[in-house]
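J.: Okay, here's the structure, questions in a sec.
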Amino acid sequence: MIEQARIEELRQKLNQYSYEYYVQDQPTVPDSTYDQLLRELMDLETQHPELITADSPTQRVGAAPLDAFEKVTHDLPMLSLGNVFDETEIREWVARIERSLGRSTTYVAELKFDGLAISLKYEDGRLVRGATRGDGTVGENITQNLRTIKALPLRLRQNETVEVRGEAYMPKQSFERLNQDRAEREEALFANPRNAAAGSLRQLDSSITASRNLSVFVYGLGVNTLSARSHSEAMQQLAELGLPTNNEMRTCETVEDILAYIQHWTVERATLPYEIDGIVLKVDRYDDQEELGFTAKSPRFATAYKFAAEEVMTTVEEVDFSVGRTGKVTPRARFAPVVVAGSTVSYATLHNADFITEKDIRLHDQVIIKKAGDVIPAVVSVVVSERTGNEQPIEFPTHCPACASELVRLEGEADIRCVSPECPAQLVEGIIHFVSRQAMNIDGLGEKVVRQLYEHQAIRTLADLYRLDRDELLTYERMGETSVENLLKAIEVSKNNSLERLMFGLGIRLVGQKAAYLLAERFDTLDGIAQAEYDDILAIDGIGSKIADSVTKYFEHPEAQTLIQDLAALGLNQQFLGQRIDQSNAPLAGKTIVLTGTLETLKRSEAGKRLELLGADVTGSVSKKTDILVAGEKAGSKLTKAESLGIEIWDETRLLEELTKYEG
C-alpha cells in the first residue's frame with residue numbers, strides 16, 4: 001500500500017529530524033521543512049485513520065522523549081503557562097482572579113528562567129529521578145546528567161519524599177567559556193545559553209554534562225507532600241531542605257506591587273549572572289489556586305509576563321535584491337552585525353517597495369531591529385534623529401537583477417516581479433521547487449546539484465531533468481557511479497507520481513499543495529486543467545478568484561503548453577491517481593479563527609481572506625467555539641479572553657508560516 005509506505009517514511013524522517021534537533025543540537029533541515037512533512041503525515045492519517053499509531057509524531061505535542069533515555073511519566077503534568085504582555089493585560093489578569101474568588105488575594109512574582117524545565121523526585125531525602133518536561137506528561141530520565149550539577153543536592157537535609165519542579169540553566173559565564181572553547185576547536189557555537197543547557201542535559205555521556213558547569217533553580221512543587229499552605233511557604237521549606245531556590249521571589253499584595261517588580265527587572269535583568277525572559281506571576285495560597293483551577297492547557301492561577309522583544313540599533317550598510325521562483329523581487333538589508341536575542345544578526349528582509357517607503361528606510365540609516373517572535377529579524381523603525389545627511393534613498397531596480405528584463409508591478413499588488421519566462425533565477429528556483437519532497441520528490445537533486453546542472457547547461461527547463469545523460473553526469477564534480485545511478489532511478493520513479501504532485505511542482509503562482517490537489521481531483525488530467533475555463537476553476541470549493549486567474553493565465557502561455565507536451569512525451573503521468581476526498585477536507589476546515597491586534601506584514605482583512613480560502617471560519621469575537629486566535633501587536637482583551645479559555649494562540653510569525661505552508 002503506497003500510503004502506508006509513505007506514512008512510515010514520514011515518521012522515520014520526522015523522528016530523525018527531531019533527534020538531530022533535540023539531541024544532537026545539529027538540525028539538518030529548517031523548521032519549515034519539518035512542519036511541511038508533519039502536515040503531510042497529518043493529512044495522510046486523516047485520510048487513513050486505520051493507519052494511525054500511538055507512537056506517530058502526530059500523536060504527541062512538544063519534544064518527544066528520547067529513545068536513548070528511559071521514558072518517565074510525571075506524577076502531575078507539567079503544564080505550560082498563559083502569557084500577558086503589558087500593564088493592561090496584567091491588570092485584567094489580576095481583576096479576573098479577584099472576580100473569580102470574590103475577594104482580593106496575595107500573589108508571588110518570580111523570575112522566569114531561560115533554560116530547560118525539569119522535574120526532580122526525592123524519596124526519603126535521596127535524589128532518585130530527574131526528568132525533562134518532554135510533552136508535559138512524559139519526559140526523559142536524565143538523572144545521571146542532573147547529578148553532575150553541583151548546585152543540586154543528591155540528598156536533602158531531611159528524609160522527605162517530594163517531587164519538585166525547576167529549571168536547569170547555563171550561567172552566562174559558563175556559556176561564554178563553552179563557546180570560547182568550541183571556537184578554539186573550530187566547532188559550531190551555541191546560539192544562546194538556553195540551547196546550550198538543553199544540549200548539555202541530553203548528552204549520553206554525563207562527563208560532557210559535568211564539563212558544561214550548569215546550575216539549577218527549584219521553583220515549585222509537583223504533588224504537594226509538604227505541610228505548606230502556600231507557594232511562598234513551600235519555597236521556604238524547599239530552601240530549608242537544601243534545594244537551590246531563587247532569592248529574588250517576592251510576595252505582592254496589589255497589582256501595583258507586581259508592576260513595580262516587573263519594572264525593576266525589566267531594567268536590571270542584564271545584571272543577573274543568568275538569562276531570564278520574563279516574570280512568572282502566581283496566586284500564593286494553595287486553596288485559592290485549587291478554587292481557580294485549570295484550563296485544558298494551563299493553570300488559571302498563574303501566568304507569565306514576557307519581556308518585550310529585545311530591540312537594538314544598527315546601520316543599514318547595503319541592500320541587495322533576490323528573485324524567487326514566482327518572479328517576486330525581494331529587497332534584503334545587510335546590517336553591521338549586532339547581537340539580538342542571543343544570536344548575531346546581519347540581514348533582514350525589507351519585504352517590498354511599499355515597506356521601504358512607509359518606513360522611509362535609506363542606505364546608511366541607523367535602524368531599530370528586533371526578532372519577530374524571537375526568531376525572524378525585522379526592521380522596526382528608522383532613528384531619524386541620527387541622520388547625518390549622508391543617507392541615500394534605496395533605489396528599487398527597474399530591471400531584473402538576474403536577467404535584466406523589465407520589472408512589473410501588477411495591479412493591486414505590493415510586490416514587483418520579473419515576468420520573463422527565460423529568467424535564470426526563476427528557472428533555478430522553479431526546478432528546486434519541482435524536485436522537492438512535497439512536489440516530485442526526486443531524491444538526490446538538492447539545491448547544490450540543481451545549480452551545478454544549470455551551470456553546466458544540462459538543464460534549462462523542467463523537461464530537461466528527464467533528458468539527463470548518464471555519461472555526461474559522470475563528468476561532473478562529486479558525481480560518481482552510484483550517485484548517478486541513484487539519481488537517474490529517482491528521476492524515473494518520479495514519472496509515476498499522481499497529478500497533484502506534478503501540478504504543485506509546476507510552481508504556478510498561488511497554487512499550493514491544497515489547490516493542486518483540488519484541481520487534480522476535479523479535472524483528472526493535466527490537459528483537463530489546462531483547458532478549464534476560469535469559471536469552472538472558480539466553482540471548486542476552496543479555490544478563489546486569484547488562484548483561478550493565476551491558473552488560466554499560466555496555461556495561456558505557449559511555453560506552458562510546450563512544457564506539458566514535452567513532459568507527456570517523456571513519459572510523465574499526467575492523471576490523478578489519488579483517493580478522492582470531500583471538499584470540506586481543507587487544511588483549516590472546521591477551524592474558527594479570530595484575528596486581533598496590529599499585524600506588521602499583512603492587513604487583517606487580507607489575512608482573514610487567505611485563512612477563509614484555506615477553509616477557516618474567520619469571526620470577530622472570541623468564544624468557547626474559537627479554535628485559534630491570531631494576536632498581533634497590542635492584542636488586548638481578546639487575547640486575555642482567549643488565554644483564559646485555553647485557546648491556541650498564534651503570533652504573526654506563526655500565521656505567515658501556516659499560510660506559506662498551505663498556499664505554496
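Just remember, in the C-alpha cells the first chain shown is A, the second B, etc., residues are 1-based per chain, and ligands are 1-based in the order shown.
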Please provide as a ChimeraX atom specification all residues within 12 Å of Val435 in chain A, with the sequence filter that same-chain residues fewer than 6 positions apart are discarded (counting only C-alpha atoms).
T.: /A:428-429,441-447,449-450,462-463,465-466,487,490-491,494-495,497,501-502,504-507
J.: With a distance cut-off of 9 Å and only C-alpha atoms, select the neighbouring residues of Val280 in chain A, excluding the residue or stretch itself and same-chain residues fewer than 3 positions from it, and output the selection as a PDB file with N, CA and C atoms, in the first residue's frame.
T.:
ATOM      1  N   LEU A  81       2.323  27.821  30.774  1.00  0.00           N
ATOM      2  CA  LEU A  81       1.610  28.982  31.302  1.00  0.00           C
ATOM      3  C   LEU A  81       1.062  29.837  30.167  1.00  0.00           C
ATOM      4  N   VAL A 108       2.562  35.977  44.094  1.00  0.00           N
ATOM      5  CA  VAL A 108       4.004  35.787  44.125  1.00  0.00           C
ATOM      6  C   VAL A 108       4.548  36.143  42.750  1.00  0.00           C
ATOM      7  N   ALA A 109       5.615  36.915  42.713  1.00  0.00           N
ATOM      8  CA  ALA A 109       6.292  37.257  41.449  1.00  0.00           C
ATOM      9  C   ALA A 109       7.691  36.648  41.484  1.00  0.00           C
ATOM     10  N   GLU A 110       8.046  35.953  40.399  1.00  0.00           N
ATOM     11  CA  GLU A 110       9.338  35.260  40.322  1.00  0.00           C
ATOM     12  C   GLU A 110       9.970  35.510  38.965  1.00  0.00           C
ATOM     13  N   LEU A 111      11.273  35.377  38.909  1.00  0.00           N
ATOM     14  CA  LEU A 111      11.973  35.469  37.637  1.00  0.00           C
ATOM     15  C   LEU A 111      11.652  34.246  36.786  1.00  0.00           C
ATOM     16  N   LYS A 112      11.497  34.461  35.501  1.00  0.00           N
ATOM     17  CA  LYS A 112      11.238  33.360  34.562  1.00  0.00           C
ATOM     18  C   LYS A 112      12.578  32.981  33.915  1.00  0.00           C
ATOM     19  N   ALA A 302      -1.950  31.152  37.455  1.00  0.00           N
ATOM     20  CA  ALA A 302      -0.589  31.598  37.149  1.00  0.00           C
ATOM     21  C   ALA A 302      -0.514  32.063  35.705  1.00  0.00           C
ATOM     22  N   THR A 303       0.401  32.953  35.448  1.00  0.00           N
ATOM     23  CA  THR A 303       0.638  33.415  34.079  1.00  0.00           C
ATOM     24  C   THR A 303       2.079  33.902  33.986  1.00  0.00           C
ATOM     25  N   ALA A 304       2.528  34.152  32.774  1.00  0.00           N
ATOM     26  CA  ALA A 304       3.899  34.621  32.559  1.00  0.00           C
ATOM     27  C   ALA A 304       3.872  35.950  31.822  1.00  0.00           C
ATOM     28  N   TYR A 305       4.538  36.934  32.393  1.00  0.00           N
ATOM     29  CA  TYR A 305       4.754  38.197  31.679  1.00  0.00           C
ATOM     30  C   TYR A 305       6.011  38.045  30.838  1.00  0.00           C
ATOM     31  N   LYS A 306       5.878  38.225  29.546  1.00  0.00           N
ATOM     32  CA  LYS A 306       7.012  38.086  28.641  1.00  0.00           C
ATOM     33  C   LYS A 306       7.601  39.467  28.355  1.00  0.00           C
TER      34      LYS A 306
END
J.: When you look at range 89-93 of chain A with a cut-off of 7 Å (counting only C-alpha atoms), what residues show up, excluding the ones that are within fewer than 3 positions of it in the same chain? I need them as a list in words.
T.: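 Counting only C-alpha atoms, the residues come to Val84, Phe85, Asp86, Arg96, Ile97, Val255, Gly636 and Thr640 of chain A.
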J.: Determine which residues of range 391-634 of chain A DSSP labels as strand (DSSP E or B) from the backbone of this structure, then write them out as a list in words.
T.: Gln392, Pro393, His399, Glu406, Leu407, Val408, Arg417, Cys418, Thr525, Gln575, Thr592, Ile593, Val594, Leu595, Thr596, Thr598, Asp617, Val618, Thr619, Ile628, Leu629, Val630, Ala631 and Glu633 of chain A
J.: Based on the backbone DSSP call, show me all residues of range 44-162 of chain A assigned alpha helix (DSSP H), as a list in words.
T.: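 Everything in range 44-162 of chain A that counts as alpha helix (DSSP H) is Leu44, Glu45, Thr46, Gln47, Glu87, Thr88, Glu89, Ile90, Arg91, Glu92, Trp93, Val94, Ala95, Arg96, Ile97, Glu98, Arg99, Ser100, Leu101, Thr143, Gln144, Asn145 and Leu146 of chain A.
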J.: Please produce an output containing C-alpha atoms for each residue in the selection, written as a PDB file, in the first residue's frame.
T.:
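And here's result36.pdb as it stands now:
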ATOM      1  CA  LEU A  44      -2.421  11.074   5.193  1.00  0.00           C
ATOM      2  CA  GLU A  45      -3.501   9.892   8.634  1.00  0.00           C
ATOM      3  CA  THR A  46      -6.734  11.869   8.276  1.00  0.00           C
ATOM      4  CA  GLN A  47      -7.417  10.040   5.026  1.00  0.00           C
ATOM      5  CA  GLU A  87       0.254  46.592  32.056  1.00  0.00           C
ATOM      6  CA  THR A  88      -3.337  46.467  30.811  1.00  0.00           C
ATOM      7  CA  GLU A  89      -3.263  42.693  30.474  1.00  0.00           C
ATOM      8  CA  ILE A  90      -1.646  42.285  33.907  1.00  0.00           C
ATOM      9  CA  ARG A  91      -4.383  44.404  35.483  1.00  0.00           C
ATOM     10  CA  GLU A  92      -7.030  42.386  33.623  1.00  0.00           C
ATOM     11  CA  TRP A  93      -5.489  39.117  34.850  1.00  0.00           C
ATOM     12  CA  VAL A  94      -5.494  40.294  38.475  1.00  0.00           C
ATOM     13  CA  ALA A  95      -9.060  41.606  38.144  1.00  0.00           C
ATOM     14  CA  ARG A  96     -10.194  38.280  36.685  1.00  0.00           C
ATOM     15  CA  ILE A  97      -8.564  36.372  39.563  1.00  0.00           C
ATOM     16  CA  GLU A  98     -10.187  38.512  42.232  1.00  0.00           C
ATOM     17  CA  ARG A  99     -13.538  38.492  40.443  1.00  0.00           C
ATOM     18  CA  SER A 100     -13.473  34.691  40.394  1.00  0.00           C
ATOM     19  CA  LEU A 101     -12.507  34.478  44.088  1.00  0.00           C
ATOM     20  CA  THR A 143      19.082  11.623  36.368  1.00  0.00           C
ATOM     21  CA  GLN A 144      22.737  10.829  35.719  1.00  0.00           C
ATOM     22  CA  ASN A 145      23.270  14.132  33.941  1.00  0.00           C
ATOM     23  CA  LEU A 146      21.460  16.147  36.602  1.00  0.00           C
TER      24      LEU A 146
END
J.: Env of range 389-398 of chain A: 12 Å cut, atoms = only C-alpha atoms, seq-sep filter 3 positions within chain, self excluded. Answer as a PyMOL selection string.
T.: chain A and resi 315-323+329-333+350-357+359-367+382-386+401-409+415-418
J.: Would you export the selected residues with C-alpha atoms as a short mmCIF file (atom, residue, chain, number, x, y, z; two decimals), in the first residue's frame, please?
T.:
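The resulting file, again_39.cif, is reproduced below:
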data_model
loop_
_atom_site.label_atom_id
_atom_site.label_comp_id
_atom_site.auth_asym_id
_atom_site.auth_seq_id
_atom_site.Cartn_x
_atom_site.Cartn_y
_atom_site.Cartn_z
CA THR A 315 23.33 50.53 10.46
CA VAL A 316 21.97 49.64 7.03
CA GLU A 317 25.15 49.05 5.05
CA GLU A 318 23.76 47.64 1.83
CA VAL A 319 20.55 46.43 0.18
CA ASP A 320 20.52 43.60 -2.33
CA PHE A 321 17.65 42.14 -4.36
CA SER A 322 16.85 38.47 -4.96
CA VAL A 323 14.44 36.84 -7.40
CA VAL A 329 11.90 40.62 -6.28
CA THR A 330 12.67 40.83 -2.57
CA PRO A 331 14.94 43.50 -1.05
CA ARG A 332 17.23 42.45 1.78
CA ALA A 333 19.11 44.79 4.06
CA LEU A 350 12.59 44.61 3.66
CA HIS A 351 9.60 42.85 2.06
CA ASN A 352 8.76 45.22 -0.82
CA ALA A 353 8.94 48.78 -2.10
CA ASP A 354 5.91 49.88 -0.07
CA PHE A 355 7.54 48.68 3.15
CA ILE A 356 10.70 50.67 2.38
CA THR A 357 8.66 53.79 1.54
CA LYS A 359 9.29 53.28 6.99
CA ASP A 360 11.46 55.64 4.91
CA ILE A 361 14.47 53.32 5.13
CA ARG A 362 17.65 54.63 3.49
CA LEU A 363 21.17 53.38 2.97
CA HIS A 364 23.41 54.20 5.97
CA ASP A 365 20.37 54.82 8.19
CA GLN A 366 20.50 53.88 11.84
CA VAL A 367 17.59 51.46 12.34
CA VAL A 382 14.40 54.33 11.48
CA VAL A 383 16.21 56.51 14.03
CA VAL A 384 15.64 59.74 12.15
CA SER A 385 17.39 61.81 14.84
CA GLU A 386 20.66 60.04 13.98
CA PRO A 401 18.92 41.62 -11.26
CA ALA A 402 19.11 38.09 -12.71
CA CYS A 403 18.14 38.54 -16.37
CA ALA A 404 17.87 42.33 -16.93
CA SER A 405 14.23 42.04 -18.08
CA GLU A 406 11.99 44.96 -17.21
CA LEU A 407 10.22 44.50 -13.88
CA VAL A 408 6.47 44.98 -13.50
CA ARG A 409 4.09 45.70 -10.66
CA ASP A 415 5.31 43.12 -4.96
CA ILE A 416 7.44 43.90 -8.02
CA ARG A 417 8.11 40.94 -10.31
CA CYS A 418 10.12 39.68 -13.21
#
